[in-house]
Every structure is written in structure tokens, then in C-alpha cells.
Amino acid sequence: MNMEYEKLQNLLAEILEVEPEQIRKEKSFVKDYGADSLTLFQILMGVEAVFGVIAEEQELLRWNTVGELWEYLQTGREITGKGSSL
């Protein structure tokens, strides 16, 4: 498995308080993991810290699933130079 995806799994597992293996691309943050707005904001901040991206709060509305967040990290992100590149 891609090491960058494993980083994302570990980050999300910590925030969502589940095992990394439970983080799957098809899973919904709200429906499957019970994330609320504060949890989604923590995900945004964690992604910025770990991957070195700048993401607008509006991005939270676009990330319904782990897969959508992963796709954003792959294609639509603005790199700040702090994190690792994918």
C-alpha cells in the first residue's frame, strides 16, 4: 500500500478514534465514523500539518468520504513546502 495513504489512514484513525485498518476510501466521515463539524475541522488541521497543504474550510464540505479527501491530496492541493509530496 502507498506510504502516503498509510499516513492519511494513521492521521484519520487518531482523529476519529478507530484502528487504521478501519479507515477505508469508501467510508463517509459523518455516516460511518460519526464525525461532527469539530472533528472535520480537526481533520483539516491535521491534513495541513501532516501533508503541508493549505485547504480552505469550504473543502470540508467537499470531503464526504476518505476517498474524496485522498483524491484532493492527490490532485487539488496547494503545496506549502512543509509536508511530504505525494
# chains A, B, ... in the order shown; residues from 1 in each chain; ligands from 1
call {"tool": "residues_around", "arguments": {"residues": "segment 18-34 of chain A", "least_positions_apart": "2", "cutoff": "7 Å", "atoms": "only C-alpha atoms", "output": "list in words"}}
result
Gln9, Asn10, Ala13, Glu14, Leu16, Asp36, Asn64, Thr65, Val66 and Gly67 of chain A
call {"tool": "residues_around", "arguments": {"residues": "Glu57 of chain A", "least_positions_apart": "6", "cutoff": "12 Å", "atoms": "only C-alpha atoms", "output": "list of chain:residue names"}}
result
A:Ser37, A:Leu38, A:Leu40, A:Phe41, A:Gln42, A:Ile43, A:Leu44, A:Met45, A:Val47, A:Glu48, A:Trp63
call {"tool": "select_by_dssp", "arguments": {"residues": "chain A", "states": "helix (DSSP H, G or I)", "output": "ChimeraX atom specification"}}
result
/A:3-16,20-22,37-51,59-62,66-76
call {"tool": "select_by_dssp", "arguments": {"residues": "chain A", "states": "strand (DSSP E)", "output": "PyMOL selection string"}}
result
chain A and resi 53-54+78-79
call {"tool": "atom_distance", "arguments": {"atom1": "atom CA of Trp70 of chain A", "atom2": "atom CA of Glu4 of chain A"}}
result
9.6 Å
call {"tool": "atom_distance", "arguments": {"atom1": "atom CA of Asn2 of chain A", "atom2": "atom CA of Thr39 of chain A"}}
result
24.7 Å
call {"tool": "closest_residue", "arguments": {"among": "A:Ala35, A:Glu17, A:Leu11, A:Val53", "to": "Gln74 of chain A", "atoms": "only C-alpha atoms"}}
result
A:Val53
call {"tool": "atom_distance", "arguments": {"atom1": "atom CA of Glu6 of chain A", "atom2": "atom CA of Glu59 of chain A"}}
result
21.2 Å
